[in-house]
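Structure record follows, encoded as structure tokens.
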Amino acid sequence: MTMETSGLERCSAELERACAQFLYREAELLDETRYQEWFDTCLSADLQYLIPTRTTRERAPDVSEFSDVSFHMKDTYGTMRVRVNRLLTEHAWAEDPASRTRRLVTNIRVREVTAGEAEVRSYLMLYRSQWDTVDHDLIVAERQDVLRQESGQWRLARRVVLLAHTIVGTSNFGIFL
Amino acid sequence: VAPANWKSGAENFIGDAYHITTLHRSAEEVGAAPPMDLLLDSEFHVTLDNGHGVIVNLPQLPPPFGMMGYPPDIIETFDLSALDDGQRAFLDAGLGLVVGTVFPNLSFIHAPAVTDPEAGPPAAFTALRQWQPHGPGEMEIWNWPLALNSAPDAFNQAAYEGGIFTFSASGIFEQDDMVAWSGGPRAGRSAFARRDMKLNFQLGMDGMSDYENRPDWMGPGEASTTVLGERNQRRYWERWRDAMVAS
């Protein structure tokens with residue numbers, strides 16, 4: 001459950017900047033709970049969105065800690081639409097009141113696959129708090145994305161979220177990573 | 001890890017059906033679940049000894065879906081030769097399992113899941129879950145989605161995806177369940193609740209509603225005419241009380 005990691009070749013500063021801007025804008029939309037806008041402007045119609053479970057195992061070369069059969073989330077464009085539609089109802093209790101989130105996106109590395117398609121790896125640190133409490137959850141992950149340019153606009157075609165956690169330390173994935 | 005008491009999960013899965021029309025309404029509204037009031041009308045309790053219990057349903061999916069909500073090509077792979085007469089009668093009556101709890105903290109769910117209403121038919125999934133106490137106000141949920149030995153990979157995969165889309169950390173049903181479960185302890189600790197409030201578990205008791213025993217039940221245990229009652233929950237808590245008093 002990892003992407004081809006060899007050869008993160010240099011790409012143009014322009015491409016790197018475009019991909020970073022995409023990730024920052026996506027984080028802004030999600031932090032501001034603008035789900036519909038995120039769905040309409042950030043996602044590709046052939047989206048694959050995966051959060052594999054992480055296992056605890058002996059260190060061994062070439063053996064991934066991430067399962068290729070077990071997932072916290074295994075979504076498509078169609079199922080993501082259901083999630084977004086649900087959040088926009090008046091009865092999506094888990095996110096009402098909405099979580100207060102800040103997505104810190106860093107360590108962005110870009111590899112151009114073809115003209116108009118890029119593999120983008122980034123680190124995500126997500127602060128999440130909800131209700132009247134001083135407590136918060138911290139979700140940390142690497143994201144391995146495929147971004148594609150469609151009609152001049154970058155969109156997310158594939159995302160694999162590699163959690164830094166084996167046991168999920170937040171009560172649900174009702175927010176998007 | 002969820003900010004809720006482990007018994008809330010067990011109690012929910014042993015018999016709480018009346019929460020679905022409000023708590024899971026959003027799933028119905030986006031086409032990921034059939035109308036909740038129809039679901040309620042097609043379910044009933046089976047109360048077993050020692051604090052165990054299940055919710056059973058009448059057929060919920062239209063033909064060609066049959067036994068336990070499976071399609072015909074999956075049903076024909078089943079080997080039913082080891083079933084006893086009572087189990088046969090249960091399936092022949094078109095009945096199926098929805099949820100249940102083995103006292104104290106092991107539950108299961110079996111349900112047809114819709115992930116994308118535009119993509120395909122619902123796939124029936126089955127999952128075991130263990131509610132692991134971390135203390136009074138926190139639990140860890142272990143979730144085992146099960147696969148059918150006899151079914152093709154494509155079906156098992158669809159069932160798995162349906163299972164985690166509905167009941168997992170990202171599940172659109174489970175997310176909202178957690179709100180109810182985590183809200184209970186918070187509300188219960190409040191000054192208002194400590195002074196005036198008693199939790200009412202009388203639904204379905206004599207004179208409270210039309211909750212009777214089904215005369216046609218093949219056993220084991222007692223089956224109810226409607227799921228709008230709290231007999232299963234009361235038996236669970238009685239067993240819990242007995243265990244606490246004994247120790």
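Residue numbering restarts at 1 in every chain; chains get A, B, ... in the order shown in the structure tokens, and ligands count up from 1 in that same order.
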
Mind dumping a table of every chain B residue within 9 Å of chain A, with the nearest atom pair and its distance in Å to one decimal, using only C-alpha atoms, sorted by chain and rising number, as CSV?
```
residue,atom,partner,partner_atom,distance
B:Val1,CA,A:Gly169,CA,5.6
B:Ala2,CA,A:Ser171,CA,4.7
B:Pro3,CA,A:Ser171,CA,7.0
B:Thr22,CA,A:His91,CA,7.8
B:Leu23,CA,A:His91,CA,7.4
B:His24,CA,A:His91,CA,7.6
B:Arg25,CA,A:His91,CA,6.2
B:Ser26,CA,A:His91,CA,5.1
B:Ala27,CA,A:Arg86,CA,6.6
B:Glu29,CA,A:Arg86,CA,7.4
B:Val30,CA,A:Arg86,CA,6.0
B:Gly31,CA,A:Val82,CA,8.0
B:Ala32,CA,A:Val82,CA,7.6
B:Thr115,CA,A:Thr79,CA,5.6
B:Asp116,CA,A:Thr79,CA,5.0
B:Pro117,CA,A:Val82,CA,8.3
B:Glu118,CA,A:Gly78,CA,7.5
B:Ala119,CA,A:Gly78,CA,7.4
B:Glu140,CA,A:Ile167,CA,8.6
B:Glu161,CA,A:Lys74,CA,6.7
B:Ile164,CA,A:Met73,CA,6.7
B:Phe165,CA,A:Met73,CA,7.0
B:Ser168,CA,A:His72,CA,6.7
B:Ala169,CA,A:Asn172,CA,4.6
B:Ser170,CA,A:Phe173,CA,4.5
B:Gly171,CA,A:Phe173,CA,7.9
B:Ile172,CA,A:Arg83,CA,7.4
B:Glu174,CA,A:Asn172,CA,8.2
B:Gln175,CA,A:Ala94,CA,5.6
B:Asp176,CA,A:Ala94,CA,4.9
B:Asp177,CA,A:Ala94,CA,8.2
B:Met178,CA,A:Ala94,CA,7.4
B:Val179,CA,A:Ala94,CA,5.8
B:Ala180,CA,A:Trp93,CA,8.9
```

DSSP strand (DSSP E) selection over range 56-176 of chain A, as a PDB file with N, CA, C and O atoms, in the first residue's frame:
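The file below, out20.pdb, is the result:
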```
ATOM      1  N   PHE A  66       1.444  -1.267   6.407  1.00  0.00           N
ATOM      2  CA  PHE A  66       0.079  -0.911   6.014  1.00  0.00           C
ATOM      3  C   PHE A  66      -0.576  -2.064   5.273  1.00  0.00           C
ATOM      4  O   PHE A  66      -0.001  -2.635   4.353  1.00  0.00           O
ATOM      5  N   SER A  67      -1.777  -2.393   5.707  1.00  0.00           N
ATOM      6  CA  SER A  67      -2.502  -3.505   5.098  1.00  0.00           C
ATOM      7  C   SER A  67      -2.908  -3.158   3.670  1.00  0.00           C
ATOM      8  O   SER A  67      -3.207  -2.010   3.361  1.00  0.00           O
ATOM      9  N   ASP A  68      -2.910  -4.169   2.808  1.00  0.00           N
ATOM     10  CA  ASP A  68      -3.473  -3.923   1.476  1.00  0.00           C
ATOM     11  C   ASP A  68      -4.875  -4.518   1.344  1.00  0.00           C
ATOM     12  O   ASP A  68      -5.443  -4.534   0.257  1.00  0.00           O
ATOM     13  N   VAL A  69      -5.410  -5.037   2.435  1.00  0.00           N
ATOM     14  CA  VAL A  69      -6.783  -5.568   2.383  1.00  0.00           C
ATOM     15  C   VAL A  69      -7.706  -4.938   3.422  1.00  0.00           C
ATOM     16  O   VAL A  69      -8.921  -5.067   3.337  1.00  0.00           O
ATOM     17  N   SER A  70      -7.146  -4.271   4.415  1.00  0.00           N
ATOM     18  CA  SER A  70      -7.963  -3.752   5.510  1.00  0.00           C
ATOM     19  C   SER A  70      -7.901  -2.231   5.529  1.00  0.00           C
ATOM     20  O   SER A  70      -6.810  -1.660   5.475  1.00  0.00           O
ATOM     21  N   PHE A  71      -9.057  -1.605   5.598  1.00  0.00           N
ATOM     22  CA  PHE A  71      -9.119  -0.153   5.447  1.00  0.00           C
ATOM     23  C   PHE A  71     -10.060   0.478   6.470  1.00  0.00           C
ATOM     24  O   PHE A  71     -11.072  -0.104   6.839  1.00  0.00           O
ATOM     25  N   HIS A  72      -9.707   1.672   6.915  1.00  0.00           N
ATOM     26  CA  HIS A  72     -10.658   2.501   7.653  1.00  0.00           C
ATOM     27  C   HIS A  72     -11.626   3.156   6.683  1.00  0.00           C
ATOM     28  O   HIS A  72     -12.770   3.447   7.007  1.00  0.00           O
ATOM     29  N   MET A  73     -11.145   3.394   5.477  1.00  0.00           N
ATOM     30  CA  MET A  73     -11.965   4.076   4.487  1.00  0.00           C
ATOM     31  C   MET A  73     -11.494   3.640   3.109  1.00  0.00           C
ATOM     32  O   MET A  73     -10.287   3.577   2.850  1.00  0.00           O
ATOM     33  N   LYS A  74     -12.440   3.297   2.249  1.00  0.00           N
ATOM     34  CA  LYS A  74     -12.111   2.858   0.890  1.00  0.00           C
ATOM     35  C   LYS A  74     -13.212   3.427   0.004  1.00  0.00           C
ATOM     36  O   LYS A  74     -14.249   2.807  -0.182  1.00  0.00           O
ATOM     37  N   ASP A  75     -12.990   4.616  -0.483  1.00  0.00           N
ATOM     38  CA  ASP A  75     -14.069   5.364  -1.102  1.00  0.00           C
ATOM     39  C   ASP A  75     -13.812   5.660  -2.575  1.00  0.00           C
ATOM     40  O   ASP A  75     -12.680   5.620  -3.060  1.00  0.00           O
ATOM     41  N   THR A  76     -14.899   5.983  -3.245  1.00  0.00           N
ATOM     42  CA  THR A  76     -14.858   6.410  -4.641  1.00  0.00           C
ATOM     43  C   THR A  76     -15.515   7.793  -4.725  1.00  0.00           C
ATOM     44  O   THR A  76     -16.005   8.313  -3.724  1.00  0.00           O
ATOM     45  N   ARG A 100     -13.775  21.693  15.036  1.00  0.00           N
ATOM     46  CA  ARG A 100     -12.888  22.822  14.717  1.00  0.00           C
ATOM     47  C   ARG A 100     -11.544  22.226  14.306  1.00  0.00           C
ATOM     48  O   ARG A 100     -10.891  21.566  15.121  1.00  0.00           O
ATOM     49  N   THR A 101     -11.205  22.405  13.067  1.00  0.00           N
ATOM     50  CA  THR A 101      -9.993  21.749  12.563  1.00  0.00           C
ATOM     51  C   THR A 101      -9.012  22.751  11.979  1.00  0.00           C
ATOM     52  O   THR A 101      -9.392  23.834  11.507  1.00  0.00           O
ATOM     53  N   ARG A 102      -7.729  22.371  12.027  1.00  0.00           N
ATOM     54  CA  ARG A 102      -6.692  23.055  11.259  1.00  0.00           C
ATOM     55  C   ARG A 102      -5.805  21.977  10.661  1.00  0.00           C
ATOM     56  O   ARG A 102      -5.252  21.149  11.376  1.00  0.00           O
ATOM     57  N   ARG A 103      -5.726  21.987   9.345  1.00  0.00           N
ATOM     58  CA  ARG A 103      -4.892  21.021   8.645  1.00  0.00           C
ATOM     59  C   ARG A 103      -3.569  21.693   8.288  1.00  0.00           C
ATOM     60  O   ARG A 103      -3.548  22.632   7.498  1.00  0.00           O
ATOM     61  N   LEU A 104      -2.506  21.213   8.891  1.00  0.00           N
ATOM     62  CA  LEU A 104      -1.178  21.736   8.573  1.00  0.00           C
ATOM     63  C   LEU A 104      -0.560  20.787   7.548  1.00  0.00           C
ATOM     64  O   LEU A 104      -0.328  19.615   7.842  1.00  0.00           O
ATOM     65  N   VAL A 105      -0.311  21.289   6.366  1.00  0.00           N
ATOM     66  CA  VAL A 105       0.191  20.478   5.259  1.00  0.00           C
ATOM     67  C   VAL A 105       1.630  20.893   4.978  1.00  0.00           C
ATOM     68  O   VAL A 105       1.895  22.068   4.697  1.00  0.00           O
ATOM     69  N   THR A 106       2.555  19.947   5.086  1.00  0.00           N
ATOM     70  CA  THR A 106       3.975  20.278   4.920  1.00  0.00           C
ATOM     71  C   THR A 106       4.691  19.206   4.106  1.00  0.00           C
ATOM     72  O   THR A 106       4.081  18.239   3.666  1.00  0.00           O
ATOM     73  N   ASN A 107       6.022  19.383   3.966  1.00  0.00           N
ATOM     74  CA  ASN A 107       6.896  18.368   3.369  1.00  0.00           C
ATOM     75  C   ASN A 107       6.359  17.880   2.018  1.00  0.00           C
ATOM     76  O   ASN A 107       6.240  16.689   1.771  1.00  0.00           O
ATOM     77  N   ILE A 108       5.993  18.831   1.200  1.00  0.00           N
ATOM     78  CA  ILE A 108       5.378  18.494  -0.089  1.00  0.00           C
ATOM     79  C   ILE A 108       6.469  18.127  -1.096  1.00  0.00           C
ATOM     80  O   ILE A 108       7.431  18.869  -1.284  1.00  0.00           O
ATOM     81  N   ARG A 109       6.319  16.958  -1.681  1.00  0.00           N
ATOM     82  CA  ARG A 109       7.270  16.484  -2.691  1.00  0.00           C
ATOM     83  C   ARG A 109       6.489  16.102  -3.944  1.00  0.00           C
ATOM     84  O   ARG A 109       5.488  15.385  -3.855  1.00  0.00           O
ATOM     85  N   VAL A 110       6.939  16.581  -5.066  1.00  0.00           N
ATOM     86  CA  VAL A 110       6.172  16.438  -6.301  1.00  0.00           C
ATOM     87  C   VAL A 110       6.990  15.703  -7.351  1.00  0.00           C
ATOM     88  O   VAL A 110       8.186  15.986  -7.521  1.00  0.00           O
ATOM     89  N   ARG A 111       6.370  14.769  -8.023  1.00  0.00           N
ATOM     90  CA  ARG A 111       7.010  14.108  -9.164  1.00  0.00           C
ATOM     91  C   ARG A 111       6.055  14.179 -10.346  1.00  0.00           C
ATOM     92  O   ARG A 111       4.891  13.758 -10.243  1.00  0.00           O
ATOM     93  N   GLU A 112       6.542  14.704 -11.419  1.00  0.00           N
ATOM     94  CA  GLU A 112       5.697  14.791 -12.612  1.00  0.00           C
ATOM     95  C   GLU A 112       5.652  13.415 -13.270  1.00  0.00           C
ATOM     96  O   GLU A 112       6.689  12.815 -13.557  1.00  0.00           O
ATOM     97  N   VAL A 113       4.460  12.910 -13.484  1.00  0.00           N
ATOM     98  CA  VAL A 113       4.308  11.600 -14.113  1.00  0.00           C
ATOM     99  C   VAL A 113       4.217  11.787 -15.621  1.00  0.00           C
ATOM    100  O   VAL A 113       4.997  11.219 -16.381  1.00  0.00           O
ATOM    101  N   THR A 114       3.253  12.569 -16.030  1.00  0.00           N
ATOM    102  CA  THR A 114       3.147  12.999 -17.422  1.00  0.00           C
ATOM    103  C   THR A 114       2.737  14.460 -17.372  1.00  0.00           C
ATOM    104  O   THR A 114       2.471  14.992 -16.290  1.00  0.00           O
ATOM    105  N   GLU A 117      -0.161  15.406 -14.944  1.00  0.00           N
ATOM    106  CA  GLU A 117      -0.389  14.440 -13.864  1.00  0.00           C
ATOM    107  C   GLU A 117       0.840  14.385 -12.973  1.00  0.00           C
ATOM    108  O   GLU A 117       1.969  14.286 -13.463  1.00  0.00           O
ATOM    109  N   ALA A 118       0.599  14.442 -11.659  1.00  0.00           N
ATOM    110  CA  ALA A 118       1.711  14.494 -10.717  1.00  0.00           C
ATOM    111  C   ALA A 118       1.434  13.618  -9.510  1.00  0.00           C
ATOM    112  O   ALA A 118       0.294  13.528  -9.047  1.00  0.00           O
ATOM    113  N   GLU A 119       2.504  12.965  -9.039  1.00  0.00           N
ATOM    114  CA  GLU A 119       2.445  12.288  -7.745  1.00  0.00           C
ATOM    115  C   GLU A 119       2.924  13.264  -6.704  1.00  0.00           C
ATOM    116  O   GLU A 119       4.016  13.839  -6.834  1.00  0.00           O
ATOM    117  N   VAL A 120       2.111  13.425  -5.668  1.00  0.00           N
ATOM    118  CA  VAL A 120       2.426  14.422  -4.652  1.00  0.00           C
ATOM    119  C   VAL A 120       2.364  13.770  -3.284  1.00  0.00           C
ATOM    120  O   VAL A 120       1.335  13.202  -2.913  1.00  0.00           O
ATOM    121  N   ARG A 121       3.468  13.846  -2.589  1.00  0.00           N
ATOM    122  CA  ARG A 121       3.464  13.343  -1.215  1.00  0.00           C
ATOM    123  C   ARG A 121       3.527  14.517  -0.259  1.00  0.00           C
ATOM    124  O   ARG A 121       4.239  15.492  -0.498  1.00  0.00           O
ATOM    125  N   SER A 122       2.766  14.430   0.811  1.00  0.00           N
ATOM    126  CA  SER A 122       2.772  15.515   1.796  1.00  0.00           C
ATOM    127  C   SER A 122       2.540  14.931   3.179  1.00  0.00           C
ATOM    128  O   SER A 122       2.032  13.815   3.316  1.00  0.00           O
ATOM    129  N   TYR A 123       2.943  15.690   4.182  1.00  0.00           N
ATOM    130  CA  TYR A 123       2.630  15.338   5.561  1.00  0.00           C
ATOM    131  C   TYR A 123       1.444  16.170   6.006  1.00  0.00           C
ATOM    132  O   TYR A 123       1.294  17.335   5.629  1.00  0.00           O
ATOM    133  N   LEU A 124       0.607  15.527   6.829  1.00  0.00           N
ATOM    134  CA  LEU A 124      -0.580  16.207   7.338  1.00  0.00           C
ATOM    135  C   LEU A 124      -0.595  16.105   8.858  1.00  0.00           C
ATOM    136  O   LEU A 124      -0.448  15.013   9.408  1.00  0.00           O
ATOM    137  N   MET A 125      -0.749  17.236   9.513  1.00  0.00           N
ATOM    138  CA  MET A 125      -1.031  17.214  10.945  1.00  0.00           C
ATOM    139  C   MET A 125      -2.360  17.923  11.136  1.00  0.00           C
ATOM    140  O   MET A 125      -2.504  19.087  10.775  1.00  0.00           O
ATOM    141  N   LEU A 126      -3.318  17.182  11.669  1.00  0.00           N
ATOM    142  CA  LEU A 126      -4.676  17.698  11.735  1.00  0.00           C
ATOM    143  C   LEU A 126      -5.090  17.856  13.195  1.00  0.00           C
ATOM    144  O   LEU A 126      -5.176  16.871  13.930  1.00  0.00           O
ATOM    145  N   TYR A 127      -5.324  19.085  13.591  1.00  0.00           N
ATOM    146  CA  TYR A 127      -5.846  19.387  14.924  1.00  0.00           C
ATOM    147  C   TYR A 127      -7.367  19.351  14.855  1.00  0.00           C
ATOM    148  O   TYR A 127      -7.963  19.902  13.936  1.00  0.00           O
ATOM    149  N   ARG A 128      -7.978  18.654  15.806  1.00  0.00           N
ATOM    150  CA  ARG A 128      -9.440  18.535  15.796  1.00  0.00           C
ATOM    151  C   ARG A 128      -9.985  18.677  17.204  1.00  0.00           C
ATOM    152  O   ARG A 128      -9.576  17.960  18.121  1.00  0.00           O
ATOM    153  N   SER A 129     -10.920  19.572  17.358  1.00  0.00           N
ATOM    154  CA  SER A 129     -11.569  19.747  18.647  1.00  0.00           C
ATOM    155  C   SER A 129     -13.059  19.943  18.411  1.00  0.00           C
ATOM    156  O   SER A 129     -13.479  20.430  17.352  1.00  0.00           O
ATOM    157  N   ASP A 137      -7.952  16.195  19.476  1.00  0.00           N
ATOM    158  CA  ASP A 137      -7.303  15.042  18.849  1.00  0.00           C
ATOM    159  C   ASP A 137      -6.269  15.567  17.862  1.00  0.00           C
ATOM    160  O   ASP A 137      -6.450  16.636  17.258  1.00  0.00           O
ATOM    161  N   LEU A 138      -5.218  14.799  17.715  1.00  0.00           N
ATOM    162  CA  LEU A 138      -4.197  15.126  16.740  1.00  0.00           C
ATOM    163  C   LEU A 138      -4.054  13.922  15.815  1.00  0.00           C
ATOM    164  O   LEU A 138      -3.768  12.820  16.282  1.00  0.00           O
ATOM    165  N   ILE A 139      -4.282  14.132  14.549  1.00  0.00           N
ATOM    166  CA  ILE A 139      -4.175  13.045  13.576  1.00  0.00           C
ATOM    167  C   ILE A 139      -3.001  13.382  12.655  1.00  0.00           C
ATOM    168  O   ILE A 139      -2.942  14.477  12.092  1.00  0.00           O
ATOM    169  N   VAL A 140      -2.082  12.439  12.560  1.00  0.00           N
ATOM    170  CA  VAL A 140      -0.861  12.679  11.793  1.00  0.00           C
ATOM    171  C   VAL A 140      -0.755  11.623  10.696  1.00  0.00           C
ATOM    172  O   VAL A 140      -1.014  10.436  10.939  1.00  0.00           O
ATOM    173  N   ALA A 141      -0.392  12.055   9.510  1.00  0.00           N
ATOM    174  CA  ALA A 141      -0.331  11.109   8.397  1.00  0.00           C
ATOM    175  C   ALA A 141       0.563  11.628   7.279  1.00  0.00           C
ATOM    176  O   ALA A 141       0.852  12.828   7.191  1.00  0.00           O
ATOM    177  N   GLU A 142       1.017  10.687   6.458  1.00  0.00           N
ATOM    178  CA  GLU A 142       1.547  11.063   5.152  1.00  0.00           C
ATOM    179  C   GLU A 142       0.443  10.801   4.133  1.00  0.00           C
ATOM    180  O   GLU A 142      -0.271   9.821   4.233  1.00  0.00           O
ATOM    181  N   ARG A 143       0.335  11.677   3.173  1.00  0.00           N
ATOM    182  CA  ARG A 143      -0.636  11.449   2.093  1.00  0.00           C
ATOM    183  C   ARG A 143       0.120  11.268   0.783  1.00  0.00           C
ATOM    184  O   ARG A 143       1.018  12.053   0.465  1.00  0.00           O
ATOM    185  N   GLN A 144      -0.257  10.241   0.062  1.00  0.00           N
ATOM    186  CA  GLN A 144       0.338   9.990  -1.249  1.00  0.00           C
ATOM    187  C   GLN A 144      -0.762  10.188  -2.279  1.00  0.00           C
ATOM    188  O   GLN A 144      -1.693   9.387  -2.373  1.00  0.00           O
ATOM    189  N   ASP A 145      -0.668  11.263  -2.990  1.00  0.00           N
ATOM    190  CA  ASP A 145      -1.749  11.676  -3.886  1.00  0.00           C
ATOM    191  C   ASP A 145      -1.345  11.564  -5.348  1.00  0.00           C
ATOM    192  O   ASP A 145      -0.161  11.646  -5.682  1.00  0.00           O
ATOM    193  N   VAL A 146      -2.339  11.403  -6.182  1.00  0.00           N
ATOM    194  CA  VAL A 146      -2.162  11.632  -7.614  1.00  0.00           C
ATOM    195  C   VAL A 146      -3.062  12.810  -7.981  1.00  0.00           C
ATOM    196  O   VAL A 146      -4.282  12.751  -7.759  1.00  0.00           O
ATOM    197  N   LEU A 147      -2.454  13.868  -8.448  1.00  0.00           N
ATOM    198  CA  LEU A 147      -3.227  15.036  -8.903  1.00  0.00           C
ATOM    199  C   LEU A 147      -3.233  15.048 -10.426  1.00  0.00           C
ATOM    200  O   LEU A 147      -2.225  14.692 -11.065  1.00  0.00           O
ATOM    201  N   ARG A 148      -4.350  15.437 -10.971  1.00  0.00           N
ATOM    202  CA  ARG A 148      -4.474  15.454 -12.434  1.00  0.00           C
ATOM    203  C   ARG A 148      -5.110  16.768 -12.868  1.00  0.00           C
ATOM    204  O   ARG A 148      -6.022  17.276 -12.208  1.00  0.00           O
ATOM    205  N   GLN A 149      -4.613  17.263 -13.975  1.00  0.00           N
ATOM    206  CA  GLN A 149      -5.169  18.496 -14.513  1.00  0.00           C
ATOM    207  C   GLN A 149      -6.317  18.151 -15.455  1.00  0.00           C
ATOM    208  O   GLN A 149      -6.131  17.404 -16.419  1.00  0.00           O
ATOM    209  N   GLU A 150      -7.502  18.669 -15.115  1.00  0.00           N
ATOM    210  CA  GLU A 150      -8.677  18.401 -15.952  1.00  0.00           C
ATOM    211  C   GLU A 150      -9.293  19.743 -16.328  1.00  0.00           C
ATOM    212  O   GLU A 150      -9.667  20.514 -15.453  1.00  0.00           O
ATOM    213  N   GLN A 153      -7.759  22.568 -14.564  1.00  0.00           N
ATOM    214  CA  GLN A 153      -7.836  22.659 -13.109  1.00  0.00           C
ATOM    215  C   GLN A 153      -7.295  21.380 -12.474  1.00  0.00           C
ATOM    216  O   GLN A 153      -7.634  20.277 -12.912  1.00  0.00           O
ATOM    217  N   TRP A 154      -6.463  21.525 -11.450  1.00  0.00           N
ATOM    218  CA  TRP A 154      -5.934  20.347 -10.761  1.00  0.00           C
ATOM    219  C   TRP A 154      -7.011  19.699  -9.912  1.00  0.00           C
ATOM    220  O   TRP A 154      -7.774  20.390  -9.240  1.00  0.00           O
ATOM    221  N   ARG A 155      -7.057  18.366  -9.973  1.00  0.00           N
ATOM    222  CA  ARG A 155      -8.030  17.625  -9.166  1.00  0.00           C
ATOM    223  C   ARG A 155      -7.367  16.394  -8.564  1.00  0.00           C
ATOM    224  O   ARG A 155      -6.410  15.861  -9.116  1.00  0.00           O
ATOM    225  N   LEU A 156      -7.944  15.940  -7.453  1.00  0.00           N
ATOM    226  CA  LEU A 156      -7.413  14.760  -6.761  1.00  0.00           C
ATOM    227  C   LEU A 156      -7.984  13.500  -7.402  1.00  0.00           C
ATOM    228  O   LEU A 156      -9.196  13.277  -7.386  1.00  0.00           O
ATOM    229  N   ALA A 157      -7.093  12.668  -7.974  1.00  0.00           N
ATOM    230  CA  ALA A 157      -7.539  11.426  -8.598  1.00  0.00           C
ATOM    231  C   ALA A 157      -7.350  10.224  -7.673  1.00  0.00           C
ATOM    232  O   ALA A 157      -8.051   9.229  -7.783  1.00  0.00           O
ATOM    233  N   ARG A 158      -6.373  10.325  -6.800  1.00  0.00           N
ATOM    234  CA  ARG A 158      -6.115   9.205  -5.878  1.00  0.00           C
ATOM    235  C   ARG A 158      -5.445   9.749  -4.629  1.00  0.00           C
ATOM    236  O   ARG A 158      -4.579  10.629  -4.706  1.00  0.00           O
ATOM    237  N   ARG A 159      -5.876   9.238  -3.493  1.00  0.00           N
ATOM    238  CA  ARG A 159      -5.224   9.598  -2.226  1.00  0.00           C
ATOM    239  C   ARG A 159      -5.096   8.352  -1.368  1.00  0.00           C
ATOM    240  O   ARG A 159      -6.071   7.639  -1.155  1.00  0.00           O
ATOM    241  N   VAL A 160      -3.899   8.097  -0.905  1.00  0.00           N
ATOM    242  CA  VAL A 160      -3.665   7.059   0.092  1.00  0.00           C
ATOM    243  C   VAL A 160      -3.162   7.760   1.343  1.00  0.00           C
ATOM    244  O   VAL A 160      -2.144   8.455   1.305  1.00  0.00           O
ATOM    245  N   VAL A 161      -3.912   7.609   2.428  1.00  0.00           N
ATOM    246  CA  VAL A 161      -3.546   8.248   3.689  1.00  0.00           C
ATOM    247  C   VAL A 161      -2.827   7.221   4.555  1.00  0.00           C
ATOM    248  O   VAL A 161      -3.423   6.213   4.947  1.00  0.00           O
ATOM    249  N   LEU A 162      -1.557   7.466   4.813  1.00  0.00           N
ATOM    250  CA  LEU A 162      -0.762   6.554   5.644  1.00  0.00           C
ATOM    251  C   LEU A 162      -0.681   7.133   7.045  1.00  0.00           C
ATOM    252  O   LEU A 162       0.092   8.060   7.321  1.00  0.00           O
ATOM    253  N   LEU A 163      -1.489   6.593   7.929  1.00  0.00           N
ATOM    254  CA  LEU A 163      -1.592   7.136   9.278  1.00  0.00           C
ATOM    255  C   LEU A 163      -0.328   6.876  10.080  1.00  0.00           C
ATOM    256  O   LEU A 163       0.341   5.854   9.893  1.00  0.00           O
TER     257      LEU A 163
END
```

Separation of CA of Ala158 in chain B from CA of Leu83 in chain B in Å: 26.7 Å

Atom pair CA of Thr166 in chain B / CA of Asp40 in chain A: separation (Å):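 Between these atoms lies a distance of 23.4 Å.
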
DSSP alpha helix (DSSP H) residues within range 22-60 of chain B, listed as a short mmCIF file (atom, residue, chain, number, x, y, z; two decimals) with N, CA and C atoms, in the first residue's frame:
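The file below, states-v5.cif, is the result:
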```cif
data_model
loop_
_atom_site.label_atom_id
_atom_site.label_comp_id
_atom_site.auth_asym_id
_atom_site.auth_seq_id
_atom_site.Cartn_x
_atom_site.Cartn_y
_atom_site.Cartn_z
N THR B 22 -34.26 8.71 14.22
CA THR B 22 -33.70 10.05 14.42
C THR B 22 -32.19 10.05 14.23
N LEU B 23 -31.51 9.09 14.88
CA LEU B 23 -30.04 9.14 14.87
C LEU B 23 -29.49 8.89 13.46
N ARG B 25 -31.10 9.23 10.54
CA ARG B 25 -31.96 9.80 9.52
C ARG B 25 -31.17 10.30 8.31
N SER B 26 -29.97 10.81 8.54
CA SER B 26 -29.19 11.35 7.43
C SER B 26 -28.87 10.26 6.40
N ALA B 27 -28.66 9.03 6.85
CA ALA B 27 -28.35 7.94 5.92
C ALA B 27 -29.55 7.68 5.00
N GLU B 28 -30.73 7.74 5.59
CA GLU B 28 -31.95 7.59 4.78
C GLU B 28 -32.09 8.74 3.79
N GLU B 29 -31.78 9.93 4.25
CA GLU B 29 -31.97 11.12 3.41
C GLU B 29 -31.07 11.14 2.18
N MET B 36 -36.45 4.46 7.47
CA MET B 36 -36.21 3.88 8.78
C MET B 36 -37.49 3.34 9.43
N ASP B 37 -38.64 3.99 9.15
CA ASP B 37 -39.86 3.49 9.80
C ASP B 37 -40.26 2.12 9.23
N LEU B 38 -39.92 1.88 7.95
CA LEU B 38 -40.17 0.55 7.39
C LEU B 38 -39.27 -0.49 8.05
N LEU B 39 -38.03 -0.10 8.30
CA LEU B 39 -37.12 -1.03 8.98
C LEU B 39 -37.67 -1.39 10.36
N LEU B 40 -38.11 -0.37 11.09
CA LEU B 40 -38.64 -0.62 12.43
C LEU B 40 -39.82 -1.60 12.39
N ASP B 41 -40.68 -1.40 11.38
CA ASP B 41 -41.87 -2.25 11.29
C ASP B 41 -41.53 -3.71 10.99
#
```

Who sits within 9 Å of Glu65 in chain A, only C-alpha atoms, same chain under 2 positions skipped, as a ChimeraX atom specification: /A:1,53-57,59,63,67

Near-Met67 in chain B list (8 Å; only C-alpha atoms; drop same-chain fewer than 4 positions) as a VMD selection string: chain B and resid 71 75 91 94 to 96

Interatomic distance, CA of Asn5 in chain B to CA of Gly188 in chain B (Å, one decimal):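 Calculated distance between CA of Asn5 in chain B and CA of Gly188 in chain B is 12.0 Å.
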
Residue contacts of range 216-221 of chain B (8 Å, only C-alpha atoms) excluding same-chain residues fewer than 4 positions away, as JSON, numbers by chain: {"B": [46, 47, 48, 49, 86, 89, 90]}
